[in-house]
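Student: So here's input24.txt (compact mmCIF, C-alpha atoms).
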```
# COMPACT_ATOMS: atom_id res chain seq x y z
CA MET A 1 -57.80 48.18 103.14
CA SER A 2 -59.72 51.44 102.82
CA LYS A 3 -61.94 52.17 99.85
CA GLY A 4 -59.82 55.15 99.01
CA TYR A 5 -57.04 53.10 97.49
CA GLU A 6 -56.20 49.73 96.01
CA VAL A 7 -53.02 47.70 95.62
CA LEU A 8 -52.79 45.50 92.57
CA SER A 9 -50.40 43.44 90.48
CA LEU A 10 -50.68 43.68 86.71
CA ASP A 11 -50.65 39.88 86.74
CA ASP A 12 -54.05 39.97 88.45
CA LEU A 13 -55.75 41.83 85.61
CA GLY A 14 -56.30 38.88 83.30
CA ALA A 15 -55.79 39.13 79.54
CA TYR A 16 -58.77 39.37 77.20
CA PRO A 17 -58.76 38.90 73.40
CA ARG A 18 -60.55 41.33 71.12
CA PRO A 19 -63.99 40.23 69.91
CA GLN A 20 -63.83 38.47 66.54
CA LYS A 21 -60.32 39.74 65.86
CA ASP A 22 -56.77 38.63 66.25
CA GLY A 23 -54.48 40.97 68.06
CA PRO A 24 -53.22 41.94 71.46
CA LEU A 25 -54.80 40.89 74.71
CA LEU A 26 -56.30 43.60 76.90
CA MET A 27 -55.26 43.77 80.55
CA PRO A 28 -58.09 46.10 81.66
CA LEU A 29 -56.39 48.32 84.20
CA ARG A 30 -58.71 51.34 84.02
CA LEU A 31 -61.83 49.24 84.19
CA ARG A 32 -60.51 47.14 87.08
CA LEU A 33 -59.52 50.16 89.15
CA GLY A 34 -62.31 52.50 88.10
CA VAL A 35 -59.91 55.24 86.98
CA GLN A 36 -61.93 58.26 85.82
CA ALA A 37 -59.35 60.93 85.01
CA PHE A 38 -57.42 59.35 82.16
CA GLY A 39 -57.22 56.22 80.04
CA ALA A 40 -54.80 53.56 81.30
CA ASN A 41 -54.62 49.98 80.13
CA CYS A 42 -52.02 47.28 79.54
CA TRP A 43 -51.63 45.03 76.56
CA THR A 44 -49.76 41.81 76.02
CA ALA A 45 -49.22 39.52 73.03
CA PRO A 46 -47.28 36.43 71.99
CA VAL A 47 -43.80 36.95 70.55
CA GLY A 48 -44.04 38.14 66.95
CA SER A 49 -47.61 39.44 67.32
CA LEU A 50 -48.91 42.98 67.54
CA VAL A 51 -48.96 44.20 71.13
CA VAL A 52 -50.12 47.61 69.93
CA PRO A 53 -52.49 47.28 66.97
CA ARG A 54 -51.86 49.43 63.92
CA HIS A 55 -54.02 52.53 64.40
CA GLU A 56 -54.03 56.33 64.36
CA GLU A 57 -56.08 56.99 67.53
CA ASP A 58 -58.96 58.79 65.86
CA SER A 59 -60.44 59.40 69.32
CA GLY A 60 -58.20 62.46 69.54
CA HIS A 61 -56.22 60.96 72.41
CA GLU A 62 -52.53 61.57 72.79
CA GLU A 63 -50.96 58.42 74.15
CA LEU A 64 -47.94 57.44 76.18
CA TYR A 65 -46.73 53.86 75.77
CA VAL A 66 -44.59 52.46 78.59
CA ILE A 67 -42.82 49.15 78.06
CA VAL A 68 -43.35 47.65 81.51
CA ARG A 69 -41.59 44.38 80.78
CA GLY A 70 -40.29 42.43 77.81
CA ARG A 71 -39.40 44.17 74.59
CA ALA A 72 -41.22 45.50 71.53
CA THR A 73 -40.46 46.85 68.09
CA PHE A 74 -42.38 50.07 67.58
CA THR A 75 -43.23 51.76 64.34
CA VAL A 76 -44.43 55.34 64.68
CA GLY A 77 -45.03 57.18 61.43
CA GLU A 78 -42.13 56.21 59.19
CA GLN A 79 -39.72 55.24 61.97
CA THR A 80 -39.15 51.80 63.45
CA PHE A 81 -37.19 51.32 66.66
CA ASP A 82 -36.38 48.86 69.43
CA ALA A 83 -38.15 49.48 72.73
CA PRO A 84 -36.81 47.47 75.70
CA ALA A 85 -38.43 47.57 79.14
CA GLY A 86 -38.41 51.09 80.54
CA THR A 87 -38.90 52.76 77.15
CA LEU A 88 -41.46 55.58 76.91
CA VAL A 89 -43.08 56.43 73.57
CA HIS A 90 -45.34 59.47 73.20
CA VAL A 91 -47.59 59.61 70.13
CA GLU A 92 -49.99 62.39 69.17
CA ALA A 93 -53.45 61.61 67.81
CA GLY A 94 -53.55 61.03 64.09
CA VAL A 95 -50.11 59.43 63.82
CA LEU A 96 -50.01 55.82 62.66
CA ARG A 97 -48.40 53.50 65.19
CA GLU A 98 -47.99 49.81 65.96
CA ALA A 99 -45.72 47.58 68.04
CA VAL A 100 -44.73 43.92 67.86
CA ALA A 101 -43.84 41.93 70.99
CA GLU A 102 -40.26 40.63 70.78
CA GLU A 103 -40.01 38.75 74.08
CA PRO A 104 -42.36 36.47 76.03
CA ASP A 105 -44.58 38.24 78.55
CA THR A 106 -44.11 41.67 76.99
CA VAL A 107 -46.48 44.14 78.65
CA VAL A 108 -47.13 47.65 77.36
CA LEU A 109 -48.98 50.21 79.48
CA VAL A 110 -50.88 52.84 77.50
CA ALA A 111 -52.05 56.06 79.12
CA GLY A 112 -54.19 58.43 77.09
CA GLY A 113 -56.49 61.38 76.96
CA THR A 114 -57.52 64.33 74.82
CA PRO A 115 -55.70 67.58 75.60
CA GLY A 116 -58.10 70.25 76.82
CA LYS A 117 -60.96 67.84 77.45
CA ALA A 118 -62.12 65.93 80.49
CA PHE A 119 -61.55 62.23 80.08
CA GLU A 120 -64.64 60.20 79.26
CA ALA A 121 -64.78 56.41 79.47
CA PHE A 122 -66.65 55.06 76.46
CA GLY A 123 -66.95 51.49 77.69
CA TRP A 124 -64.93 49.74 74.99
CA GLU A 125 -62.93 47.87 77.62
CA SER A 126 -66.16 46.36 78.95
CA VAL A 127 -67.08 45.19 75.46
CA GLN A 128 -63.74 43.45 75.00
CA VAL A 129 -63.90 41.83 78.43
CA ALA A 130 -67.55 40.83 77.99
CA PHE A 131 -67.14 39.16 74.60
CA ALA A 132 -64.05 37.31 75.81
CA GLU A 133 -66.09 36.04 78.74
CA GLY A 134 -68.89 35.04 76.38
CA VAL A 135 -66.52 33.14 74.07
CA ALA A 136 -65.13 31.36 77.14
CA GLY A 137 -68.64 30.30 78.14
CA ARG A 138 -68.92 32.68 81.10
CA VAL A 139 -72.03 34.33 79.70
CA GLU A 140 -73.32 35.81 82.92
CA GLU A 141 -69.95 37.42 83.72
CA GLY A 142 -69.91 39.05 80.29
CA ARG A 143 -73.46 40.27 80.69
CA THR A 144 -72.55 41.81 84.05
CA ALA A 145 -69.59 43.65 82.49
CA LEU A 146 -71.82 45.20 79.82
CA ASN A 147 -74.55 46.12 82.28
CA GLU A 148 -71.93 47.90 84.39
CA ALA A 149 -70.82 49.80 81.30
CA ILE A 150 -74.43 50.87 80.67
CA ALA A 151 -74.77 52.02 84.27
CA GLY A 152 -71.51 53.95 83.97
CA ARG A 153 -72.64 55.85 80.88
CA PRO A 154 -76.41 56.00 81.06
CA GLY A 155 -78.38 57.06 78.03
CA HIS A 156 -75.65 56.39 75.50
CA TRP A 157 -76.75 54.06 72.77
CA SER A 158 -73.47 52.24 72.11
CA ASN A 159 -73.45 50.20 75.29
CA ALA A 160 -77.07 49.10 74.81
CA TYR A 161 -76.18 48.22 71.21
CA ASN A 162 -73.20 46.17 72.37
CA LEU A 163 -75.36 44.34 74.88
CA ALA A 164 -77.82 43.58 72.05
CA CYS A 165 -74.92 42.12 70.07
CA TYR A 166 -73.81 40.15 73.10
CA GLU A 167 -77.26 38.73 73.79
CA SER A 168 -77.62 37.87 70.12
CA ARG A 169 -74.39 35.87 70.18
CA PHE A 170 -74.43 34.37 73.64
CA GLY A 171 -77.80 34.99 75.30
CA ASP A 172 -81.44 35.06 74.30
CA LEU A 173 -83.08 36.93 71.46
CA ASP A 174 -85.78 38.54 73.63
CA ALA A 175 -83.09 40.36 75.59
CA ALA A 176 -81.22 41.16 72.39
CA PHE A 177 -84.25 42.83 70.81
CA ALA A 178 -85.01 44.73 74.01
CA GLN A 179 -81.50 46.17 74.02
CA LEU A 180 -81.60 46.94 70.31
CA ARG A 181 -84.83 48.86 70.77
CA GLU A 182 -83.15 50.80 73.58
CA ALA A 183 -80.17 51.60 71.38
CA LEU A 184 -82.31 52.68 68.42
CA ALA A 185 -84.38 54.97 70.62
CA THR A 186 -81.36 57.13 71.41
CA ALA A 187 -78.85 56.54 68.59
CA PRO A 188 -78.45 59.06 65.80
CA PRO A 189 -79.49 57.13 62.64
CA GLU A 190 -76.29 58.08 60.82
CA GLU A 191 -74.19 56.53 63.59
CA ILE A 192 -76.01 53.25 64.12
CA GLY A 193 -77.25 52.64 60.58
CA GLY A 194 -74.06 51.12 59.24
CA TYR A 195 -73.80 48.67 62.09
CA LEU A 196 -77.31 47.25 61.65
CA GLU A 197 -76.64 45.68 58.28
CA GLY A 198 -72.99 44.84 58.61
CA ASP A 199 -72.49 43.55 62.15
CA ASP A 200 -72.03 39.78 62.24
CA ASP A 201 -73.02 39.72 65.90
CA LEU A 202 -76.59 40.51 64.85
CA ALA A 203 -76.87 37.65 62.31
CA ARG A 204 -79.17 35.54 64.49
CA MET A 205 -81.51 38.50 64.97
CA ARG A 206 -81.84 39.22 61.26
CA ASP A 207 -83.49 35.81 60.77
CA ASP A 208 -86.12 36.66 63.37
CA PRO A 209 -89.48 38.20 62.31
CA ARG A 210 -88.99 40.97 64.90
CA TRP A 211 -85.99 42.32 63.01
CA ALA A 212 -88.05 44.19 60.40
CA GLU A 213 -90.40 45.56 63.02
CA VAL A 214 -87.58 46.85 65.25
CA THR A 215 -85.29 48.19 62.55
CA GLY A 216 -87.84 49.20 59.96
CA MET B 1 -39.23 61.49 67.84
CA ASN B 2 -40.84 61.41 71.27
CA VAL B 3 -39.03 58.37 72.64
CA ALA B 4 -36.89 58.04 75.76
CA HIS B 5 -35.81 55.41 78.22
CA VAL B 6 -36.55 56.11 81.88
CA ASP B 7 -32.82 56.03 82.59
CA ASP B 8 -32.28 58.83 80.07
CA LEU B 9 -34.82 61.24 81.59
CA ASP B 10 -33.56 64.36 83.34
CA ARG B 11 -32.57 63.80 87.00
CA ILE B 12 -33.75 66.58 89.25
CA GLU B 13 -32.73 65.91 92.85
CA LEU B 14 -35.09 67.54 95.30
CA ASP B 15 -34.47 68.57 98.85
CA ASP B 16 -36.76 65.89 100.27
CA GLY B 17 -34.38 63.22 98.98
CA PHE B 18 -36.19 61.88 95.94
CA VAL B 19 -35.29 62.39 92.29
CA TRP B 20 -37.90 63.73 89.87
CA ARG B 21 -37.65 62.29 86.35
CA PRO B 22 -39.99 64.51 84.31
CA ILE B 23 -41.99 62.77 81.60
CA ARG B 24 -44.95 65.10 80.99
CA ARG B 25 -42.65 68.09 80.46
CA ARG B 26 -40.23 66.05 78.37
CA PHE B 27 -42.92 65.08 75.87
CA GLY B 28 -45.26 68.06 76.25
CA ILE B 29 -48.13 65.84 77.34
CA ARG B 30 -51.29 67.87 78.04
CA ALA B 31 -54.02 65.33 78.71
CA PHE B 32 -52.79 63.83 82.00
CA GLY B 33 -49.99 64.03 84.51
CA VAL B 34 -47.14 61.54 84.27
CA ASN B 35 -43.68 61.39 85.81
CA ALA B 36 -41.15 58.89 87.06
CA TYR B 37 -39.34 58.98 90.38
CA THR B 38 -36.13 57.36 91.56
CA PRO B 39 -34.30 57.48 94.90
CA ARG B 40 -30.85 58.92 95.59
CA GLU B 41 -29.91 55.63 97.22
CA ALA B 42 -31.45 52.45 98.61
CA GLY B 43 -33.52 53.34 101.64
CA GLY B 44 -34.16 56.83 100.34
CA GLN B 45 -37.46 58.50 99.61
CA VAL B 46 -38.80 57.76 96.12
CA ILE B 47 -42.28 59.27 96.47
CA GLU B 48 -42.55 62.29 98.72
CA GLU B 49 -45.05 62.16 101.53
CA HIS B 50 -48.02 64.20 100.41
CA ASP B 51 -51.70 64.17 99.59
CA GLU B 52 -53.57 65.42 96.55
CA SER B 53 -56.26 67.40 98.31
CA ARG B 54 -55.33 70.65 96.62
CA LEU B 55 -55.30 69.27 93.07
CA GLY B 56 -57.99 66.63 93.54
CA HIS B 57 -55.98 64.12 91.51
CA GLU B 58 -56.49 60.40 91.53
CA GLU B 59 -53.14 58.68 91.07
CA ILE B 60 -51.55 55.42 89.99
CA TYR B 61 -48.04 54.57 91.20
CA LEU B 62 -46.56 51.64 89.27
CA VAL B 63 -43.22 50.12 90.21
CA LEU B 64 -41.30 49.62 86.97
CA ARG B 65 -38.09 48.36 88.55
CA GLY B 66 -36.74 47.56 92.01
CA ARG B 67 -38.85 47.55 95.15
CA ALA B 68 -40.53 50.27 97.18
CA ARG B 69 -42.31 50.37 100.52
CA PHE B 70 -45.39 52.55 100.20
CA THR B 71 -47.16 54.05 103.17
CA ILE B 72 -50.75 54.83 102.27
CA ASP B 73 -53.11 56.22 104.89
CA GLY B 74 -50.82 54.75 107.55
CA ASN B 75 -50.69 51.28 105.96
CA GLU B 76 -47.46 49.84 104.56
CA HIS B 77 -47.28 47.92 101.28
CA GLU B 78 -44.06 46.58 99.77
CA LEU B 79 -44.36 46.55 95.98
CA GLY B 80 -42.12 45.12 93.28
CA PRO B 81 -42.03 45.33 89.49
CA GLY B 82 -45.47 45.25 87.90
CA GLN B 83 -47.26 46.07 91.14
CA LEU B 84 -49.11 49.31 91.70
CA VAL B 85 -51.23 51.32 94.04
CA PHE B 86 -54.21 53.35 92.83
CA LEU B 87 -55.40 56.17 95.06
CA ARG B 88 -58.87 57.38 94.19
CA ASP B 89 -59.18 59.46 97.38
CA PRO B 90 -57.05 62.61 97.01
CA SER B 91 -57.03 63.24 100.77
CA LEU B 92 -55.05 60.09 101.62
CA LYS B 93 -51.48 60.60 102.74
CA ARG B 94 -49.04 58.73 100.55
CA GLY B 95 -45.31 58.25 100.20
CA ALA B 96 -42.75 55.57 99.41
CA VAL B 97 -39.21 54.59 100.30
CA ALA B 98 -37.05 52.71 97.78
CA LEU B 99 -35.71 49.38 98.99
CA ASP B 100 -33.39 49.12 96.01
CA ALA B 101 -31.18 51.86 94.57
CA GLU B 102 -32.38 51.06 91.02
CA THR B 103 -36.06 51.51 91.88
CA VAL B 104 -38.19 53.39 89.35
CA VAL B 105 -41.80 54.37 90.11
CA LEU B 106 -44.09 55.66 87.38
CA ALA B 107 -46.80 58.08 88.55
CA LEU B 108 -49.94 58.89 86.55
CA GLY B 109 -52.47 61.45 87.72
CA GLY B 110 -55.43 63.61 86.88
CA LYS B 111 -58.67 65.01 88.24
CA PRO B 112 -61.84 63.21 87.20
CA GLY B 113 -64.34 65.23 85.21
CA VAL B 114 -62.11 68.13 84.23
CA ALA B 115 -59.59 68.81 81.48
CA HIS B 116 -56.08 68.25 82.77
CA GLU B 117 -53.90 71.24 83.57
CA PRO B 118 -50.17 70.81 84.09
CA SER B 119 -49.41 71.27 87.77
CA ALA B 120 -47.71 74.43 88.98
CA TRP B 121 -45.26 72.44 91.07
CA GLU B 122 -43.55 71.21 87.91
CA GLY B 123 -42.23 74.68 87.22
CA MET B 124 -40.97 75.04 90.77
CA PHE B 125 -39.30 71.62 90.70
CA ALA B 126 -37.74 72.37 87.31
CA ALA B 127 -36.17 75.51 88.76
CA VAL B 128 -34.43 73.69 91.61
CA PRO B 129 -31.20 72.76 89.79
CA TYR B 130 -30.81 76.34 88.57
CA ALA B 131 -31.48 77.80 91.99
CA ARG B 132 -28.96 75.39 93.52
CA GLU B 133 -26.33 76.79 91.15
CA GLU B 134 -27.58 80.36 91.71
CA ARG B 135 -28.49 80.66 88.04
CA TRP B 136 -31.35 83.00 88.88
CA ASP B 137 -32.30 84.00 85.34
CA GLU B 138 -33.00 80.38 84.40
CA ALA B 139 -34.77 79.69 87.70
CA ILE B 140 -36.97 82.74 87.15
CA ARG B 141 -37.73 81.63 83.60
CA MET B 142 -38.97 78.24 84.84
CA HIS B 143 -41.36 80.00 87.21
CA GLU B 144 -42.52 82.51 84.61
CA GLU B 145 -43.36 79.72 82.18
CA ALA B 146 -45.46 78.01 84.84
CA LEU B 147 -47.06 81.35 85.74
CA VAL B 148 -48.52 81.64 82.25
CA GLU B 149 -50.82 78.72 83.07
CA HIS B 150 -51.19 79.49 86.78
CA PRO B 151 -51.11 83.29 87.07
CA GLU B 152 -52.72 83.37 90.52
CA HIS B 153 -50.96 80.42 92.14
CA PRO B 154 -49.74 81.69 95.53
CA ALA B 155 -46.88 79.21 96.05
CA LEU B 156 -45.63 79.79 92.52
CA LEU B 157 -45.73 83.57 92.99
CA TYR B 158 -43.93 83.26 96.30
CA ASN B 159 -41.17 81.04 94.90
CA LEU B 160 -40.80 83.33 91.91
CA ALA B 161 -40.38 86.23 94.32
CA CYS B 162 -37.67 84.27 96.15
CA MET B 163 -35.74 83.75 92.90
CA GLU B 164 -36.17 87.39 91.90
CA ALA B 165 -34.99 88.64 95.28
CA ARG B 166 -31.92 86.42 95.12
CA GLY B 167 -31.30 87.53 91.54
CA GLY B 168 -31.45 91.22 92.35
CA ARG B 169 -34.81 91.92 90.74
CA ASN B 170 -36.13 93.59 93.85
CA LEU B 171 -39.14 95.38 92.42
CA ASP B 172 -40.42 92.24 90.67
CA ALA B 173 -39.86 90.28 93.87
CA LEU B 174 -41.90 92.75 95.91
CA LEU B 175 -44.75 92.74 93.42
CA HIS B 176 -44.97 88.94 93.24
CA LEU B 177 -44.56 88.49 96.98
CA LYS B 178 -47.26 91.06 97.64
CA ARG B 179 -49.65 89.25 95.29
CA ALA B 180 -48.91 85.87 96.91
CA ALA B 181 -49.65 87.36 100.33
CA GLU B 182 -52.89 88.92 99.06
CA LEU B 183 -54.04 85.54 97.79
CA GLU B 184 -52.92 83.65 100.89
CA PRO B 185 -51.81 85.69 103.93
CA ARG B 186 -49.67 82.82 105.27
CA TRP B 187 -47.06 83.66 102.63
CA ALA B 188 -46.41 86.99 104.34
CA GLU B 189 -45.65 85.08 107.53
CA TYR B 190 -43.22 82.83 105.69
CA ALA B 191 -41.58 85.80 103.99
CA ALA B 192 -40.86 87.44 107.35
CA LYS B 193 -38.44 84.59 108.18
CA ASP B 194 -37.27 83.55 104.72
CA SER B 195 -33.58 84.33 104.13
CA ASP B 196 -34.25 84.61 100.38
CA PHE B 197 -35.80 88.00 101.10
CA ALA B 198 -32.95 89.39 103.18
CA ALA B 199 -32.11 91.95 100.50
CA ILE B 200 -35.62 93.38 100.26
CA ARG B 201 -37.07 92.93 103.75
CA SER B 202 -36.50 96.58 104.62
CA GLU B 203 -37.99 97.85 101.38
CA PRO B 204 -41.23 99.84 101.57
CA GLY B 205 -44.17 97.59 100.64
CA PHE B 206 -42.62 94.38 101.97
CA PRO B 207 -45.61 92.42 103.29
CA ALA B 208 -45.67 92.25 107.05
```
Any chance you could give the structure as structure tokens?
Tutor:
Amino acid sequence: MSKGYEVLSLDDLGAYPRPQKDGPLLMPLRLRLGVQAFGANCWTAPVGSLVVPRHEEDSGHEELYVIVRGRATFTVGEQTFDAPAGTLVHVEAGVLREAVAEEPDTVVLVAGGTPGKAFEAFGWESVQVAFAEGVAGRVEEGRTALNEAIAGRPGHWSNAYNLACYESRFGDLDAAFAQLREALATAPPEEIGGYLEGDDDLARMRDDPRWAEVTG
Amino acid sequence: MNVAHVDDLDRIELDDGFVWRPIRRRFGIRAFGVNAYTPREAGGQVIEEHDESRLGHEEIYLVLRGRARFTIDGNEHELGPGQLVFLRDPSLKRGAVALDAETVVLALGGKPGVAHEPSAWEGMFAAVPYAREERWDEAIRMHEEALVEHPEHPALLYNLACMEARGGRNLDALLHLKRAAELEPRWAEYAAKDSDFAAIRSEPGFPA
């Protein structure tokens, strides 16, 4: 097959839980394919669980939800409705939405982007995949996912910060402090400050004498 | 509320045999391209043969229902529900035939690194049902709406001129045809043989 295209089944994407949270499982379509022009991922969840978490999409993205298979109950704003396979739901940024899976193997595709702006991949999919790999004991696979996210968005502090969190939880503290230094060198203090004291992933680092030196 | 089932989307049958089921236009989506396609019958075209060289779009085609045989860069792939093809190279030829009359293919597209702009072809496709019924005012309106976002799009100007000529708006037709030919001379060659311009071909200023 040529490098210019790829054939894939959604069943080959895997399903990754969110780090430290309950909720839907990510089927990382955009990350797997390397889509650059728009956001596109699938989500699945057990019957009775959220397949679309309750959120307002503060990224500014408008989103289109496509029920690929199964069935879901959507709530958008004040309205709740049944969404069988083949249903399309368009939601503007800033509108509260959620959906509950009503049948086994429900899969919802979400496409998104900000009107008037070029799409930018922030790397959150890599974080979710990496931490799921770490929890499953596949530490090197998770590390690779985060390093690829750093390479894909060089110079942005959040991916280095997430790798620091990852190394703190699953790897070694030397690597964690190296990544945290990298993140602090480029992060606006008002953006990263809140994470430093409140992020449970960094707990092991706070007990280390280097913490005060690096964050002081 | 912005909710619809794919079976409830508009059905716009196009001359190449496939049926366009507009999603982006239906919902007013601005950030990316998205549409569904269905065939007229089993064995019929569901994705027209084309490439994306002009727009530079990368595309995902996801089979939502039924089965389709895709031909990508000369290679055939038979895909069923939940299977997809992602084309990152806009120059690759692509197309698909439905193997099942109920086949639905979802298409997502956009150009990496730039803000999405709705494609001019949507306005031309949307005008097809009106043109088929010789409802020229509506067909012209579809083109004019697209022209707001693509004022210098040669194919759009040419098709608008066709509708205007058929609808008796000869002066508008000449102006738009002339502009299309200025932007891309090949449109003057097409116009010389296009029956849509029979009423204005002898007019002064008709591009030769």
Student: Closest to A:Arg169 among A:Gly4, A:Pro104, A:Pro188, A:Gly134, using all atoms listed in the file?
Tutor: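 Once distances to A:Arg169 are computed over all atoms listed in the file, the minimum belongs to A:Gly134.
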Student: Mind dumping a table of every chain A residue within 10 Å of chain B, with the nearest atom pair and its distance in Å to one decimal, using all atoms listed in the file, sorted by chain and rising number, as JSON lines?
Tutor:
```
{"residue": "A:Met1", "atom": "CA", "partner": "B:Asn75", "partner_atom": "CA", "distance": 8.3}
{"residue": "A:Ser2", "atom": "CA", "partner": "B:Asp73", "partner_atom": "CA", "distance": 8.4}
{"residue": "A:Lys3", "atom": "CA", "partner": "B:Asp89", "partner_atom": "CA", "distance": 8.2}
{"residue": "A:Gly4", "atom": "CA", "partner": "B:Asp89", "partner_atom": "CA", "distance": 4.7}
{"residue": "A:Tyr5", "atom": "CA", "partner": "B:Leu87", "partner_atom": "CA", "distance": 4.2}
{"residue": "A:Glu6", "atom": "CA", "partner": "B:Phe86", "partner_atom": "CA", "distance": 5.2}
{"residue": "A:Val7", "atom": "CA", "partner": "B:Val85", "partner_atom": "CA", "distance": 4.3}
{"residue": "A:Leu8", "atom": "CA", "partner": "B:Leu84", "partner_atom": "CA", "distance": 5.4}
{"residue": "A:Ser9", "atom": "CA", "partner": "B:Gln83", "partner_atom": "CA", "distance": 4.1}
{"residue": "A:Leu10", "atom": "CA", "partner": "B:Gly82", "partner_atom": "CA", "distance": 5.6}
{"residue": "A:Asp11", "atom": "CA", "partner": "B:Gly82", "partner_atom": "CA", "distance": 7.6}
{"residue": "A:Asp12", "atom": "CA", "partner": "B:Gln83", "partner_atom": "CA", "distance": 9.5}
{"residue": "A:Leu33", "atom": "CA", "partner": "B:Phe86", "partner_atom": "CA", "distance": 7.2}
{"residue": "A:Gly34", "atom": "CA", "partner": "B:Arg88", "partner_atom": "CA", "distance": 8.5}
{"residue": "A:Val35", "atom": "CA", "partner": "B:Arg88", "partner_atom": "CA", "distance": 7.6}
{"residue": "A:Gln36", "atom": "CA", "partner": "B:Pro112", "partner_atom": "CA", "distance": 5.1}
{"residue": "A:Ala37", "atom": "CA", "partner": "B:Pro112", "partner_atom": "CA", "distance": 4.0}
{"residue": "A:Phe38", "atom": "CA", "partner": "B:Phe32", "partner_atom": "CA", "distance": 6.4}
{"residue": "A:Gly39", "atom": "CA", "partner": "B:Phe32", "partner_atom": "CA", "distance": 9.0}
{"residue": "A:Ala40", "atom": "CA", "partner": "B:Leu108", "partner_atom": "CA", "distance": 8.9}
{"residue": "A:His61", "atom": "CA", "partner": "B:Ala31", "partner_atom": "CA", "distance": 8.0}
{"residue": "A:Glu62", "atom": "CA", "partner": "B:Ala31", "partner_atom": "CA", "distance": 7.2}
{"residue": "A:Glu63", "atom": "CA", "partner": "B:Ile29", "partner_atom": "CA", "distance": 8.6}
{"residue": "A:Leu64", "atom": "CA", "partner": "B:Ile29", "partner_atom": "CA", "distance": 8.5}
{"residue": "A:Tyr65", "atom": "CA", "partner": "B:Val3", "partner_atom": "CA", "distance": 9.5}
{"residue": "A:Val66", "atom": "CA", "partner": "B:His5", "partner_atom": "CA", "distance": 9.3}
{"residue": "A:Ile67", "atom": "CA", "partner": "B:Leu64", "partner_atom": "CA", "distance": 9.1}
{"residue": "A:Val68", "atom": "CA", "partner": "B:Leu64", "partner_atom": "CA", "distance": 6.2}
{"residue": "A:Arg69", "atom": "CA", "partner": "B:Leu64", "partner_atom": "CA", "distance": 8.1}
{"residue": "A:Val76", "atom": "CA", "partner": "B:Met1", "partner_atom": "CA", "distance": 8.7}
{"residue": "A:Gly77", "atom": "CA", "partner": "B:Met1", "partner_atom": "CA", "distance": 9.7}
{"residue": "A:Gln79", "atom": "CA", "partner": "B:Met1", "partner_atom": "CA", "distance": 8.6}
{"residue": "A:Phe81", "atom": "CA", "partner": "B:Val3", "partner_atom": "CA", "distance": 9.4}
{"residue": "A:Ala83", "atom": "CA", "partner": "B:His5", "partner_atom": "CA", "distance": 8.4}
{"residue": "A:Pro84", "atom": "CA", "partner": "B:His5", "partner_atom": "CA", "distance": 8.4}
{"residue": "A:Ala85", "atom": "CA", "partner": "B:His5", "partner_atom": "CA", "distance": 8.3}
{"residue": "A:Gly86", "atom": "CA", "partner": "B:Val6", "partner_atom": "CA", "distance": 5.5}
{"residue": "A:Thr87", "atom": "CA", "partner": "B:His5", "partner_atom": "CA", "distance": 4.2}
{"residue": "A:Leu88", "atom": "CA", "partner": "B:Ala4", "partner_atom": "CA", "distance": 5.3}
{"residue": "A:Val89", "atom": "CA", "partner": "B:Val3", "partner_atom": "CA", "distance": 4.6}
{"residue": "A:His90", "atom": "CA", "partner": "B:Asn2", "partner_atom": "CA", "distance": 5.3}
{"residue": "A:Val91", "atom": "CA", "partner": "B:Asn2", "partner_atom": "CA", "distance": 7.1}
{"residue": "A:Glu92", "atom": "CA", "partner": "B:Ile29", "partner_atom": "CA", "distance": 9.1}
{"residue": "A:Val107", "atom": "CA", "partner": "B:Gly82", "partner_atom": "CA", "distance": 9.4}
{"residue": "A:Ala111", "atom": "CA", "partner": "B:Leu108", "partner_atom": "CA", "distance": 8.2}
{"residue": "A:Gly112", "atom": "CA", "partner": "B:Ala31", "partner_atom": "CA", "distance": 7.1}
{"residue": "A:Gly113", "atom": "CA", "partner": "B:Ala31", "partner_atom": "CA", "distance": 5.0}
{"residue": "A:Thr114", "atom": "CA", "partner": "B:Ala31", "partner_atom": "CA", "distance": 5.3}
{"residue": "A:Pro115", "atom": "CA", "partner": "B:Ala31", "partner_atom": "CA", "distance": 4.2}
{"residue": "A:Gly116", "atom": "CA", "partner": "B:Ala115", "partner_atom": "CA", "distance": 5.1}
{"residue": "A:Lys117", "atom": "CA", "partner": "B:Ala115", "partner_atom": "CA", "distance": 4.4}
{"residue": "A:Ala118", "atom": "CA", "partner": "B:Ala115", "partner_atom": "CA", "distance": 4.0}
{"residue": "A:Phe119", "atom": "CA", "partner": "B:Gly113", "partner_atom": "CA", "distance": 6.6}
{"residue": "A:Glu120", "atom": "CA", "partner": "B:Gly113", "partner_atom": "CA", "distance": 7.8}
```
Student: Give me the residues within 10 Å of B:Glu138 as a compact mmCIF listing (two decimals) with C-alpha atoms, in the frame of the given file, counting all atoms listed in the file and dropping any in the same chain fewer than 5 places off.
Tutor:
```txt
# COMPACT_ATOMS: atom_id res chain seq x y z
CA ALA B 126 -37.74 72.37 87.31
CA ALA B 127 -36.17 75.51 88.76
CA VAL B 128 -34.43 73.69 91.61
CA PRO B 129 -31.20 72.76 89.79
CA TYR B 130 -30.81 76.34 88.57
CA ALA B 131 -31.48 77.80 91.99
CA HIS B 143 -41.36 80.00 87.21
CA GLU B 144 -42.52 82.51 84.61
CA MET B 163 -35.74 83.75 92.90
```
Student: Do a neighbour search on A:Met205 at 8 Å with only C-alpha atoms, toss out local chain neighbours closer than 6 positions, and write the hits as a ChimeraX atom specification.
Tutor: /A:168,173,176-177,211
Student: With C-alpha atoms kept, could you save the residues just selected as a PDB file, in the frame of the given file?
Tutor:
```
ATOM      1  CA  SER A 168     -77.620  37.870  70.120  1.00  0.00           C
ATOM      2  CA  LEU A 173     -83.080  36.930  71.460  1.00  0.00           C
ATOM      3  CA  ALA A 176     -81.220  41.160  72.390  1.00  0.00           C
ATOM      4  CA  PHE A 177     -84.250  42.830  70.810  1.00  0.00           C
ATOM      5  CA  TRP A 211     -85.990  42.320  63.010  1.00  0.00           C
TER       6      TRP A 211
END
```
